[in-house]
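Printed here is start34.txt (compact mmCIF, C-alpha atoms and all ligand atoms):
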```txt
# COMPACT_ATOMS: atom_id res chain seq x y z
CA MET A 9 -20.11 20.70 -6.08
CA THR A 10 -17.06 21.65 -8.16
CA GLN A 11 -18.85 24.23 -10.26
CA THR A 12 -19.25 26.34 -7.13
CA PHE A 13 -15.48 26.57 -6.68
CA ARG A 14 -12.98 28.77 -8.40
CA THR A 15 -10.36 26.66 -10.13
CA LEU A 16 -7.28 27.24 -12.26
CA ASP A 17 -9.66 27.59 -15.22
CA ASP A 18 -10.81 30.91 -13.74
CA VAL A 19 -7.45 32.71 -13.65
CA ASP A 20 -4.59 33.64 -15.96
CA VAL A 21 -1.49 32.79 -13.92
CA LYS A 22 1.07 34.14 -16.42
CA GLY A 23 3.53 36.42 -14.67
CA LYS A 24 1.69 36.06 -11.36
CA ARG A 25 3.25 35.04 -8.07
CA VAL A 26 1.17 31.99 -7.14
CA LEU A 27 1.22 30.94 -3.48
CA LEU A 28 0.42 27.24 -3.84
CA ARG A 29 -0.51 25.34 -0.65
CA VAL A 30 0.43 21.71 -1.18
CA ASP A 31 0.69 18.53 0.88
CA LEU A 32 4.40 17.76 1.21
CA ASN A 33 3.90 15.90 4.50
CA VAL A 34 5.73 12.80 3.25
CA PRO A 35 7.18 9.97 5.31
CA MET A 36 10.92 10.47 5.98
CA GLU A 37 13.69 8.26 7.29
CA ASN A 38 17.16 9.57 8.11
CA GLY A 39 16.52 12.77 6.19
CA ARG A 40 15.32 10.97 3.05
CA VAL A 41 11.83 10.79 1.57
CA THR A 42 10.63 7.15 1.66
CA ASP A 43 7.35 7.49 -0.28
CA THR A 44 6.79 10.02 -3.07
CA THR A 45 3.04 9.37 -3.60
CA ARG A 46 2.04 12.80 -2.29
CA LEU A 47 4.68 14.52 -4.44
CA GLU A 48 3.36 12.74 -7.52
CA ARG A 49 -0.16 13.88 -6.64
CA VAL A 50 0.71 17.59 -6.51
CA SER A 51 3.15 17.68 -9.41
CA PRO A 52 0.49 18.14 -12.16
CA THR A 53 -0.75 21.39 -10.55
CA ILE A 54 2.80 22.68 -10.15
CA ALA A 55 3.65 21.73 -13.74
CA GLU A 56 0.50 23.40 -15.07
CA ILE A 57 1.09 26.73 -13.29
CA SER A 58 4.79 26.73 -14.16
CA GLY A 59 4.02 25.75 -17.77
CA LYS A 60 1.59 28.67 -18.08
CA GLY A 61 4.29 31.09 -16.91
CA GLY A 62 3.22 31.50 -13.28
CA LYS A 63 5.81 31.76 -10.50
CA VAL A 64 5.10 28.76 -8.27
CA ILE A 65 5.74 29.44 -4.58
CA LEU A 66 5.10 26.31 -2.53
CA LEU A 67 3.75 26.51 1.01
CA ALA A 68 3.54 23.35 3.11
CA HIS A 69 4.07 21.86 6.55
CA LEU A 70 6.03 18.78 7.56
CA GLY A 71 5.33 16.95 10.83
CA ARG A 72 4.49 18.76 14.03
CA PRO A 73 7.57 20.83 14.91
CA LYS A 74 7.59 23.05 17.97
CA GLY A 75 9.50 25.95 16.47
CA ARG A 76 12.38 25.62 14.01
CA ASP A 77 13.72 22.06 13.86
CA PRO A 78 16.22 20.98 11.17
CA LYS A 79 14.84 17.42 11.34
CA GLU A 80 11.58 18.75 9.93
CA SER A 81 13.02 20.96 7.23
CA LEU A 82 11.35 20.79 3.82
CA LYS A 83 14.75 21.05 2.07
CA PRO A 84 15.09 17.28 1.37
CA VAL A 85 11.44 17.19 0.30
CA ALA A 86 12.04 20.03 -2.18
CA ASP A 87 14.97 18.02 -3.59
CA ALA A 88 12.79 14.90 -3.91
CA LEU A 89 10.05 16.98 -5.58
CA SER A 90 12.61 18.32 -8.04
CA GLN A 91 13.47 14.71 -8.95
CA VAL A 92 9.82 13.70 -9.33
CA MET A 93 9.13 16.73 -11.55
CA GLY A 94 12.38 16.65 -13.52
CA LYS A 95 12.68 20.41 -12.96
CA PRO A 96 14.66 22.58 -10.53
CA VAL A 97 12.82 23.39 -7.30
CA ARG A 98 14.62 26.17 -5.41
CA PHE A 99 14.40 26.42 -1.66
CA ALA A 100 14.18 29.34 0.79
CA GLU A 101 15.06 28.78 4.43
CA ASP A 102 12.07 30.65 5.77
CA CYS A 103 8.47 31.09 4.61
CA VAL A 104 8.24 34.78 5.59
CA GLY A 105 10.53 37.80 6.07
CA ASP A 106 13.63 38.93 4.15
CA VAL A 107 14.80 35.46 3.12
CA ALA A 108 11.46 34.56 1.55
CA GLN A 109 10.94 38.00 -0.02
CA LYS A 110 14.38 37.98 -1.68
CA ALA A 111 13.91 34.44 -3.00
CA VAL A 112 10.52 35.39 -4.49
CA ALA A 113 11.87 38.63 -5.99
CA ALA A 114 14.56 36.62 -7.80
CA MET A 115 12.03 34.32 -9.50
CA LYS A 116 11.39 34.34 -13.24
CA ASP A 117 8.12 33.29 -14.84
CA GLY A 118 7.76 29.49 -14.66
CA ASP A 119 10.20 29.10 -11.73
CA ILE A 120 9.37 26.87 -8.78
CA LEU A 121 10.34 27.83 -5.23
CA CYS A 122 9.62 25.85 -2.06
CA LEU A 123 9.45 27.83 1.18
CA GLU A 124 10.51 26.30 4.51
CA ASN A 125 8.01 24.45 6.75
CA THR A 126 5.19 26.87 7.63
CA ARG A 127 4.88 25.24 11.07
CA PHE A 128 8.32 26.55 12.08
CA HIS A 129 6.22 29.62 13.01
CA LYS A 130 3.66 28.99 15.74
CA GLU A 131 1.49 31.71 14.15
CA GLU A 132 0.71 29.31 11.28
CA GLU A 133 -1.54 27.04 13.35
CA LYS A 134 -3.05 30.06 15.14
CA ASN A 135 -4.07 31.54 11.79
CA ASP A 136 -2.49 34.76 13.13
CA PRO A 137 -3.58 37.76 11.00
CA ALA A 138 -0.12 39.44 11.02
CA PHE A 139 1.47 36.17 9.86
CA VAL A 140 -1.18 35.78 7.14
CA ASP A 141 -0.29 39.34 6.00
CA GLU A 142 3.41 38.39 5.86
CA LEU A 143 2.64 35.35 3.71
CA ALA A 144 0.22 37.33 1.53
CA LYS A 145 2.97 39.84 0.66
CA LEU A 146 4.74 37.07 -1.26
CA GLY A 147 1.94 36.33 -3.72
CA ASP A 148 -0.67 37.75 -6.10
CA ILE A 149 -3.05 34.79 -5.78
CA TRP A 150 -3.47 31.76 -3.50
CA VAL A 151 -4.15 28.26 -4.81
CA ASN A 152 -5.08 25.54 -2.34
CA ASP A 153 -4.13 22.05 -3.52
CA ALA A 154 -3.94 20.41 -0.09
CA PHE A 155 -7.28 18.72 0.62
CA SER A 156 -5.57 16.68 3.35
CA ALA A 157 -4.95 19.88 5.37
CA ALA A 158 -8.32 21.46 4.57
CA HIS A 159 -9.89 20.49 7.91
CA ARG A 160 -7.48 22.91 9.60
CA ALA A 161 -8.06 26.67 9.60
CA HIS A 162 -4.37 27.59 9.56
CA ALA A 163 -2.72 30.63 7.98
CA SER A 164 -1.52 28.82 4.85
CA THR A 165 -4.55 26.51 4.56
CA GLU A 166 -7.37 29.01 5.18
CA GLY A 167 -6.26 32.49 6.27
CA LEU A 168 -4.69 33.35 2.91
CA GLY A 169 -8.01 32.69 1.18
CA HIS A 170 -9.42 35.82 2.84
CA LYS A 171 -6.49 38.00 1.76
CA LEU A 172 -5.81 36.96 -1.83
CA PRO A 173 -7.94 35.74 -4.74
CA ALA A 174 -8.34 32.02 -3.94
CA TYR A 175 -8.55 29.01 -6.26
CA ALA A 176 -8.64 25.21 -5.99
CA GLY A 177 -5.62 23.43 -7.51
CA ARG A 178 -6.09 20.38 -9.72
CA THR A 179 -5.53 17.84 -6.93
CA MET A 180 -8.06 19.60 -4.72
CA GLN A 181 -10.47 19.87 -7.66
CA ALA A 182 -10.21 16.12 -8.41
CA GLU A 183 -10.77 15.30 -4.74
CA LEU A 184 -13.82 17.58 -4.46
CA ASP A 185 -15.21 16.14 -7.69
CA ALA A 186 -14.83 12.56 -6.48
CA LEU A 187 -16.21 13.25 -3.02
CA GLY A 188 -19.15 15.17 -4.49
CA LYS A 189 -20.02 12.17 -6.66
CA ALA A 190 -19.83 9.89 -3.64
CA LEU A 191 -21.99 11.64 -1.05
CA GLU A 192 -23.31 15.01 -2.20
CA SER A 193 -24.92 14.15 -5.51
CA PRO A 194 -24.35 10.41 -5.87
CA THR A 195 -26.02 7.95 -8.19
CA LYS A 196 -28.26 5.88 -5.92
CA PRO A 197 -28.37 3.42 -4.28
CA VAL A 198 -25.37 4.37 -2.15
CA ILE A 199 -23.60 1.91 0.12
CA ALA A 200 -21.01 2.76 2.77
CA ILE A 201 -18.57 0.23 4.19
CA ILE A 202 -17.20 1.29 7.55
CA GLY A 203 -14.70 -0.79 9.45
CA GLY A 204 -11.79 -0.23 11.77
CA ALA A 205 -11.03 -0.81 15.39
CA LYS A 206 -13.41 1.37 17.34
CA VAL A 207 -16.89 2.88 17.35
CA SER A 208 -15.70 5.75 19.56
CA THR A 209 -13.61 7.36 16.80
CA LYS A 210 -16.40 7.08 14.23
CA ILE A 211 -19.66 7.94 16.02
CA ASP A 212 -20.15 11.26 14.15
CA LEU A 213 -19.30 9.56 10.90
CA LEU A 214 -21.81 6.72 11.41
CA GLN A 215 -24.53 9.16 12.43
CA ASN A 216 -23.98 11.30 9.36
CA LEU A 217 -23.85 8.33 7.00
CA VAL A 218 -27.08 6.67 8.12
CA SER A 219 -28.96 9.79 7.03
CA LYS A 220 -27.23 9.86 3.63
CA VAL A 221 -26.75 6.29 2.37
CA ASP A 222 -29.12 3.45 1.53
CA ALA A 223 -27.05 0.70 3.14
CA LEU A 224 -24.28 0.74 5.73
CA VAL A 225 -21.97 -2.23 6.15
CA ILE A 226 -20.30 -2.26 9.56
CA GLY A 227 -17.25 -4.47 9.96
CA GLY A 228 -13.97 -4.69 11.85
CA GLY A 229 -13.60 -4.39 15.60
CA MET A 230 -16.37 -1.79 15.68
CA ALA A 231 -18.93 -4.39 14.52
CA ASN A 232 -18.26 -6.31 17.75
CA THR A 233 -19.68 -3.43 19.78
CA PHE A 234 -22.86 -3.50 17.67
CA LEU A 235 -23.14 -7.31 17.96
CA HIS A 236 -22.64 -7.15 21.72
CA ALA A 237 -25.32 -4.43 21.94
CA GLN A 238 -27.71 -6.82 20.17
CA GLY A 239 -27.01 -9.54 22.70
CA VAL A 240 -24.52 -11.62 20.69
CA GLY A 241 -21.80 -13.30 22.79
CA ILE A 242 -18.50 -12.01 21.35
CA GLY A 243 -16.04 -13.81 23.69
CA LYS A 244 -12.83 -11.89 24.18
CA SER A 245 -13.18 -9.78 21.02
CA LEU A 246 -12.15 -6.13 20.96
CA ALA A 247 -15.26 -4.11 21.80
CA GLU A 248 -16.37 -0.95 23.56
CA LYS A 249 -19.15 -2.39 25.67
CA GLU A 250 -19.82 0.99 27.29
CA LEU A 251 -20.93 2.22 23.85
CA ALA A 252 -23.69 -0.39 23.47
CA ALA A 253 -26.43 2.24 23.92
CA THR A 254 -24.76 4.48 21.32
CA ALA A 255 -24.65 1.56 18.88
CA LEU A 256 -28.37 0.89 19.40
CA ARG A 257 -29.16 4.57 18.85
CA ILE A 258 -27.28 4.49 15.54
CA ILE A 259 -29.30 1.43 14.49
CA GLU A 260 -32.55 3.22 15.43
CA LYS A 261 -31.52 6.31 13.48
CA ALA A 262 -30.73 4.11 10.48
CA ASP A 263 -34.15 2.45 10.70
CA ALA A 264 -35.85 5.82 10.81
CA ALA A 265 -33.86 7.00 7.79
CA ASN A 266 -34.50 3.81 5.79
CA CYS A 267 -30.82 2.89 5.79
CA ALA A 268 -30.19 -0.85 5.94
CA ILE A 269 -27.54 -1.79 8.50
CA ILE A 270 -25.52 -4.80 7.39
CA LEU A 271 -23.67 -6.40 10.29
CA PRO A 272 -21.61 -9.60 10.12
CA VAL A 273 -23.61 -12.84 10.29
CA ASP A 274 -20.55 -14.97 11.00
CA ALA A 275 -16.99 -14.37 12.12
CA VAL A 276 -13.45 -15.73 11.89
CA VAL A 277 -12.25 -16.40 15.42
CA ALA A 278 -8.73 -17.03 16.79
CA TYR A 279 -7.27 -17.39 20.28
CA HIS A 280 -4.19 -15.22 19.75
CA PHE A 281 -3.87 -11.76 18.24
CA SER A 282 -1.09 -12.77 15.88
CA ALA A 283 -0.50 -13.55 12.21
CA ASN A 284 -1.38 -17.10 11.20
CA ALA A 285 -2.94 -17.87 14.59
CA PRO A 286 -5.13 -20.97 14.09
CA SER A 287 -8.65 -19.76 13.31
CA HIS A 288 -12.11 -20.97 12.42
CA ALA A 289 -15.38 -19.44 11.18
CA TYR A 290 -18.40 -19.55 13.51
CA GLY A 291 -22.00 -18.45 13.30
CA LEU A 292 -22.96 -15.65 15.68
CA ASP A 293 -24.69 -18.06 18.05
CA ALA A 294 -21.50 -20.06 18.55
CA ILE A 295 -18.61 -17.62 19.11
CA PRO A 296 -16.31 -19.36 21.65
CA VAL A 297 -16.10 -17.51 24.98
CA GLU A 298 -12.29 -17.61 24.93
CA GLY A 299 -12.07 -16.58 21.26
CA MET A 300 -11.50 -13.26 19.50
CA ILE A 301 -13.28 -12.15 16.33
CA LEU A 302 -10.53 -11.03 13.91
CA ASP A 303 -12.36 -10.98 10.58
CA VAL A 304 -15.78 -11.28 8.99
CA GLY A 305 -16.75 -14.84 8.02
CA PRO A 306 -17.57 -16.33 4.58
CA GLN A 307 -21.33 -15.79 4.81
CA SER A 308 -20.78 -12.17 5.78
CA ILE A 309 -18.48 -11.73 2.79
CA ALA A 310 -21.17 -13.15 0.50
CA ARG A 311 -23.71 -10.69 1.95
CA ILE A 312 -21.33 -7.77 1.51
CA HIS A 313 -20.69 -8.76 -2.11
CA ALA A 314 -24.44 -8.91 -2.74
CA ALA A 315 -24.89 -5.50 -1.11
CA ILE A 316 -22.13 -4.06 -3.31
CA ASP A 317 -23.88 -5.56 -6.35
CA ASP A 318 -27.08 -3.72 -5.38
CA ALA A 319 -25.29 -0.36 -5.14
CA ALA A 320 -24.34 2.23 -7.76
CA THR A 321 -22.03 4.17 -5.44
CA LEU A 322 -19.69 2.98 -2.68
CA VAL A 323 -17.90 4.96 0.04
CA TRP A 324 -15.40 3.00 2.10
CA ASN A 325 -13.42 3.72 5.23
CA GLY A 326 -11.76 1.20 7.53
CA PRO A 327 -10.79 -2.49 7.23
CA LEU A 328 -13.30 -5.30 7.91
CA GLY A 329 -10.82 -7.23 10.06
CA ALA A 330 -7.32 -7.17 11.51
CA PHE A 331 -6.00 -6.91 7.95
CA GLU A 332 -2.33 -6.41 8.88
CA MET A 333 -2.17 -10.12 9.83
CA THR A 334 -2.83 -13.02 7.45
CA PRO A 335 -5.30 -14.66 7.15
CA PHE A 336 -7.39 -11.98 8.87
CA ASP A 337 -7.07 -9.71 5.84
CA HIS A 338 -9.30 -12.08 3.88
CA GLY A 339 -12.66 -10.29 4.30
CA THR A 340 -11.19 -6.85 3.54
CA VAL A 341 -9.28 -8.11 0.51
CA ALA A 342 -12.27 -10.06 -0.86
CA ALA A 343 -14.66 -7.09 -0.53
CA ALA A 344 -12.06 -4.70 -1.99
CA ARG A 345 -11.51 -6.96 -4.99
CA HIS A 346 -15.23 -7.33 -5.52
CA ALA A 347 -15.74 -3.55 -5.42
CA ALA A 348 -12.81 -3.15 -7.84
CA GLU A 349 -14.38 -5.64 -10.28
CA ARG A 350 -17.73 -3.84 -10.17
CA THR A 351 -15.94 -0.54 -10.74
CA LYS A 352 -14.02 -1.92 -13.72
CA ALA A 353 -17.32 -3.25 -15.12
CA ARG A 354 -18.65 0.34 -14.82
CA LYS A 355 -21.41 -0.75 -12.46
CA LEU A 356 -20.04 1.13 -9.46
CA VAL A 357 -18.51 4.47 -8.51
CA SER A 358 -16.14 3.62 -5.66
CA VAL A 359 -14.49 6.13 -3.36
CA ALA A 360 -12.28 5.12 -0.45
CA GLY A 361 -10.10 6.99 2.00
CA GLY A 362 -8.38 7.14 5.37
CA GLY A 363 -4.90 5.90 6.26
CA ASP A 364 -5.53 2.20 6.97
CA THR A 365 -8.02 1.94 4.13
CA VAL A 366 -5.43 3.00 1.56
CA ALA A 367 -2.98 0.46 3.01
CA ALA A 368 -5.66 -2.26 2.88
CA LEU A 369 -6.57 -1.49 -0.75
CA ASN A 370 -2.90 -1.52 -1.68
CA GLN A 371 -2.56 -4.88 0.05
CA ALA A 372 -5.49 -6.16 -2.02
CA GLY A 373 -3.72 -4.77 -5.10
CA VAL A 374 -6.80 -2.80 -6.19
CA ALA A 375 -6.23 0.82 -5.13
CA GLY A 376 -5.76 1.73 -8.81
CA ASP A 377 -9.09 0.14 -9.77
CA PHE A 378 -11.25 2.25 -7.46
CA THR A 379 -12.80 5.38 -8.96
CA TYR A 380 -10.97 7.51 -6.41
CA VAL A 381 -8.78 6.82 -3.40
CA SER A 382 -8.19 9.73 -1.04
CA THR A 383 -4.87 9.78 0.77
CA ALA A 384 -6.19 12.39 3.20
CA GLY A 385 -6.69 11.02 6.73
CA GLY A 386 -8.35 13.51 9.08
CA ALA A 387 -9.83 15.66 6.31
CA PHE A 388 -11.46 12.62 4.66
CA LEU A 389 -13.00 11.53 7.97
CA GLU A 390 -14.31 15.03 8.74
CA TRP A 391 -15.80 15.16 5.26
CA MET A 392 -17.51 11.80 5.93
CA GLU A 393 -18.78 13.27 9.19
CA GLY A 394 -20.49 15.97 7.12
CA LYS A 395 -18.44 18.79 8.63
CA PRO A 396 -17.58 21.84 6.53
CA LEU A 397 -13.83 21.95 5.86
CA PRO A 398 -12.44 25.49 6.37
CA GLY A 399 -9.83 25.14 3.60
CA VAL A 400 -12.60 24.18 1.17
CA GLN A 401 -15.23 26.67 2.38
CA VAL A 402 -12.87 29.56 1.64
CA LEU A 403 -12.69 28.46 -2.02
CA ARG A 404 -16.45 28.60 -2.54
CA ASN A 405 -17.80 31.19 -4.90
CA ARG A 406 -19.18 34.02 -2.81
P1 LIG B 501 -9.14 2.42 12.23
O1 LIG B 501 -7.86 3.15 12.39
O2 LIG B 501 -10.20 2.81 13.20
O3 LIG B 501 -9.64 2.42 10.79
O4 LIG B 501 -8.85 0.90 12.62
C1 LIG B 501 -7.97 0.11 11.87
C2 LIG B 501 -7.48 -1.00 12.75
O5 LIG B 501 -8.56 -1.80 13.15
C3 LIG B 501 -6.52 -1.93 12.04
O6 LIG B 501 -5.28 -1.83 12.68
C4 LIG B 501 -7.13 -3.31 12.23
O7 LIG B 501 -6.18 -4.30 12.56
C5 LIG B 501 -8.07 -3.10 13.39
N1 LIG B 501 -9.14 -4.09 13.41
C6 LIG B 501 -10.06 -4.30 12.47
N2 LIG B 501 -10.87 -5.33 12.82
C7 LIG B 501 -10.44 -5.79 14.03
C8 LIG B 501 -10.87 -6.82 14.91
N3 LIG B 501 -11.91 -7.61 14.60
N4 LIG B 501 -10.20 -6.99 16.06
C9 LIG B 501 -9.15 -6.20 16.36
N5 LIG B 501 -8.70 -5.20 15.57
C10 LIG B 501 -9.34 -5.00 14.42
```
Can you turn what I pasted into C-alpha cells?
Ligand code: AMP
Amino acid sequence: MTQTFRTLDDVDVKGKRVLLRVDLNVPMENGRVTDTTRLERVSPTIAEISGKGGKVILLAHLGRPKGRDPKESLKPVADALSQVMGKPVRFAEDCVGDVAQKAVAAMKDGDILCLENTRFHKEEEKNDPAFVDELAKLGDIWVNDAFSAAHRAHASTEGLGHKLPAYAGRTMQAELDALGKALESPTKPVIAIIGGAKVSTKIDLLQNLVSKVDALVIGGGMANTFLHAQGVGIGKSLAEKELAATALRIIEKADAANCAIILPVDAVVAYHFSANAPSHAYGLDAIPVEGMILDVGPQSIARIHAAIDDAATLVWNGPLGAFEMTPFDHGTVAAARHAAERTKARKLVSVAGGGDTVAALNQAGVAGDFTYVSTAGGAFLEWMEGKPLPGVQVLRNR
C-alpha cells in the first residue's frame, strides 16, 4: 500500500515552505494541554523537515469551534509542542491572510510556525476553493501527517492536495504501513476482535470484516444482540433487539465468506451496572432473567486465546466488556495481554485502534507491545469499514 504513496523520501524540502497538516487536537483543561501523546507522534516529521532545512508551517484544527473562539486557540498547543520538541515553535494568529503571510515571509530555513486553528474559518470544513487557494499561497508543498483527520474532505486535510504537490508525512506513512499489513495484504489467517457497546454503530464495519478476515470474535454489549438473535436469554443485558435480523444477516454473510464467527459461550453477570458489583459466570443456557452480562466468561476467554493462537494477524476494535469497571475489564485485559504475548513472541502482527480500545490496552498495560496502535477514532473506524479516506486518496500516486 505505502509504495503507491508519495512520501518525504520523494521530495527535497530544503528551502521549501512546507504546509504540514498535523493532528494537534489534544485534550485541554483550563487552557493547558493534559496529554501530549499526539504531539509526540507528529514531532518526528516536524523534526525531519526542519532538520533538512524546510520551513515547517503547521496546519491543524482544535475542537469544533463555530467561528473564532479564544478557548479553542492553538496558541497553548504550539507552546506545548515547543516543549515536546525542545525547539521554538512560533505562532500566527490566523491561518490565512496578512497575518499568516507575514509570519511565513519572516521564516528562515528550518523554522517552525504554527498557524491558528483552521476551523476558525467555516470555509475549512466546506473545503471552499477560495479558502484552499488562500492556504495554498503560504506553501510550496503540502504534507499530510494527520491520518486521524483523513476521513474528512476539508480544505487543510484534502483540498490542498489538489493544489500543491502532496506527500504523506512519517506518522501517516507508519499508519498506512501498519493498516496495510493488517487488512490489505495481511499474513493469513487474520482474526478481528470487535467489541463495544452497540451493533448499530458498527454494522458497516462488521459487514466489511466478514468478507476480509478468517475469524471474527464478537464481544462486549454488541455480542448480546447476536446472542439474543440466536435465541439465547440475555436477561436485562444491554442489547439492540430490533437489530436481531441484521445480526443474523451478518452471520449468514460470514458463513458464505468462510469467516468463523466466535461469540461468547459464557458470560459474567451482575445485577448492578457499577464497579465491583457482585458477579458470577454463567453458561449461555443459564443467564439469570434479572441479570446483566457485563463481560465475557472464562470459557469464552479460553476460546478467544485459542483463536488468537491460530491467527497470524489481529485487528482489534472495542472492549469485550464494560472495561471501565473492575472486575468487568477482565476479559478485555486477558485477551489484550495474550495478544501482546503472541506479538512479542513474533507469532502475531497486532493492530488496534479506536478511542476506547486505546484506553483498554493502556489499562491492560500492553499498548506498547502491540505491533501498532492507532489513536485515530473516526478515521480508523472508516478504514475498518473499507471506505476510501479522502485525505489518503489524495496522496496516492496518480
Ligand atoms: P464502543 O464505543 O462502541 O467501542 O463501546 C465501548 C463501550 O462499550 C464501553 O464504554 C464499555 O463499557 C461498553 N460495553 C462493553 N461491553 C458491555 C456490556 N456487556 N454491557 C454494557 N456496556 C458494555
Exercise. Using all atoms listed in the file, determine which residues fall within 8 Å of ligand LIG 501 (chain B), then list them as a PyMOL selection string.
Key: chain A and resi 203-207+209-210+227-232+245-246+281+300-304+325-333+362-365
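The closest residue to Ala367 in chain A, picked from A:Met180, A:Thr383, A:Cys122, A:Leu47 and counting all atoms listed in the file, is A:Thr383.
Coordinates place CA of Ala182 in chain A at a distance of 11.1 Å from CA of Thr379 in chain A.
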Spatial neighbours of Ala310 in chain A, max dist 12 Å, only C-alpha atoms, sep filter under 2 positions, as a short mmCIF file (atom, residue, chain, number, x, y, z; two decimals) with C-alpha atoms, in the frame of the given file:
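Output file out28.cif is given in full below:
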```cif
data_model
loop_
_atom_site.label_atom_id
_atom_site.label_comp_id
_atom_site.auth_asym_id
_atom_site.auth_seq_id
_atom_site.Cartn_x
_atom_site.Cartn_y
_atom_site.Cartn_z
CA ILE A 270 -25.52 -4.80 7.39
CA PRO A 272 -21.61 -9.60 10.12
CA VAL A 273 -23.61 -12.84 10.29
CA ASP A 274 -20.55 -14.97 11.00
CA VAL A 304 -15.78 -11.28 8.99
CA GLY A 305 -16.75 -14.84 8.02
CA PRO A 306 -17.57 -16.33 4.58
CA GLN A 307 -21.33 -15.79 4.81
CA SER A 308 -20.78 -12.17 5.78
CA ILE A 312 -21.33 -7.77 1.51
CA HIS A 313 -20.69 -8.76 -2.11
CA ALA A 314 -24.44 -8.91 -2.74
CA ALA A 315 -24.89 -5.50 -1.11
CA ILE A 316 -22.13 -4.06 -3.31
CA ASP A 317 -23.88 -5.56 -6.35
CA GLY A 339 -12.66 -10.29 4.30
CA ALA A 342 -12.27 -10.06 -0.86
CA ALA A 343 -14.66 -7.09 -0.53
CA HIS A 346 -15.23 -7.33 -5.52
#
```
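Neighbours of Val97 in chain A closer than or equal to 7 Å, with all atoms listed in the file counted and sequence neighbours fewer than 5 positions away skipped, come out as Ala86, Asp87, Ser90, Ile120, Leu121 and Cys122 of chain A.
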I want to know what sits within 9 Å of Ile54 in chain A, based on only C-alpha atoms, with residues of the same chain fewer than 2 positions away left out; could you give that as a short mmCIF file (atom, residue, chain, number, x, y, z; two decimals) with C-alpha atoms, in the coordinates of the input?
```
data_model
loop_
_atom_site.label_atom_id
_atom_site.label_comp_id
_atom_site.auth_asym_id
_atom_site.auth_seq_id
_atom_site.Cartn_x
_atom_site.Cartn_y
_atom_site.Cartn_z
CA LEU A 28 0.42 27.24 -3.84
CA VAL A 50 0.71 17.59 -6.51
CA SER A 51 3.15 17.68 -9.41
CA PRO A 52 0.49 18.14 -12.16
CA GLU A 56 0.50 23.40 -15.07
CA ILE A 57 1.09 26.73 -13.29
CA SER A 58 4.79 26.73 -14.16
CA GLY A 59 4.02 25.75 -17.77
CA VAL A 64 5.10 28.76 -8.27
CA LEU A 66 5.10 26.31 -2.53
CA MET A 93 9.13 16.73 -11.55
CA ILE A 120 9.37 26.87 -8.78
CA GLY A 177 -5.62 23.43 -7.51
#
```
Quiz prompt | Residue nearest Asn370 in chain A among A:Asp148, A:Glu390, A:Glu131, A:Asp337 (counting all atoms listed in the file) | solution = A:Asp337
Practice problem: Please return, as a ChimeraX atom specification, all polymer residues that have at least one atom within 7 Å of the point (-25.8, 3.0, 7.7); use all atoms listed in the file and the file's own coordinate frame. | Solution: /A:200,214,217-218,221,223-225,262,267-269
Practice problem: Tell me, as number ranges by chain, which residues lie within 7 Å of Ile295 in chain A, counting all atoms listed in the file; anything in the same chain fewer than 6 positions away does not count. | Solution: A: 241-243
Exercise. Would you kindly return, as a ChimeraX atom specification, each protein, DNA or RNA residue with an atom no farther than 8 Å from any atom of Ala176 in chain A, considering all atoms listed in the file and excluding same-chain residues fewer than 3 positions away?
Key: /A:13-16,151-153,180-181,403
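The smallest atom-to-atom distance between Val323 in chain A and any of A:Asn284, A:Thr195, A:Asn125, A:Asn405, using all atoms listed in the file, is found for A:Thr195.
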For range 49-60 of chain A, write N, CA and C atoms out as a short mmCIF file (atom, residue, chain, number, x, y, z; two decimals), in the first residue's frame.
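Output contents, as saved in selection_31.cif:
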```
data_model
loop_
_atom_site.label_atom_id
_atom_site.label_comp_id
_atom_site.auth_asym_id
_atom_site.auth_seq_id
_atom_site.Cartn_x
_atom_site.Cartn_y
_atom_site.Cartn_z
N ARG A 49 3.66 12.10 18.68
CA ARG A 49 3.52 11.35 17.42
C ARG A 49 3.95 12.17 16.20
N VAL A 50 3.62 13.48 16.19
CA VAL A 50 3.94 14.26 14.98
C VAL A 50 5.33 14.88 15.03
N SER A 51 5.96 14.88 16.21
CA SER A 51 7.23 15.60 16.29
C SER A 51 8.34 15.05 15.39
N PRO A 52 8.41 13.70 15.14
CA PRO A 52 9.48 13.23 14.24
C PRO A 52 9.38 13.83 12.83
N THR A 53 8.16 13.96 12.29
CA THR A 53 8.00 14.53 10.95
C THR A 53 8.45 15.99 10.95
N ILE A 54 8.03 16.73 11.98
CA ILE A 54 8.40 18.14 12.07
C ILE A 54 9.93 18.27 12.16
N ALA A 55 10.52 17.43 13.03
CA ALA A 55 11.97 17.50 13.23
C ALA A 55 12.70 17.15 11.93
N GLU A 56 12.19 16.17 11.20
CA GLU A 56 12.86 15.76 9.96
C GLU A 56 12.84 16.90 8.93
N ILE A 57 11.67 17.51 8.73
CA ILE A 57 11.57 18.56 7.71
C ILE A 57 12.42 19.77 8.13
N SER A 58 12.31 20.13 9.40
CA SER A 58 13.10 21.26 9.90
C SER A 58 14.59 20.96 9.79
N GLY A 59 14.98 19.74 10.17
CA GLY A 59 16.39 19.33 10.11
C GLY A 59 16.94 19.35 8.70
N LYS A 60 16.08 19.10 7.71
CA LYS A 60 16.53 19.11 6.31
C LYS A 60 16.47 20.50 5.70
#
```
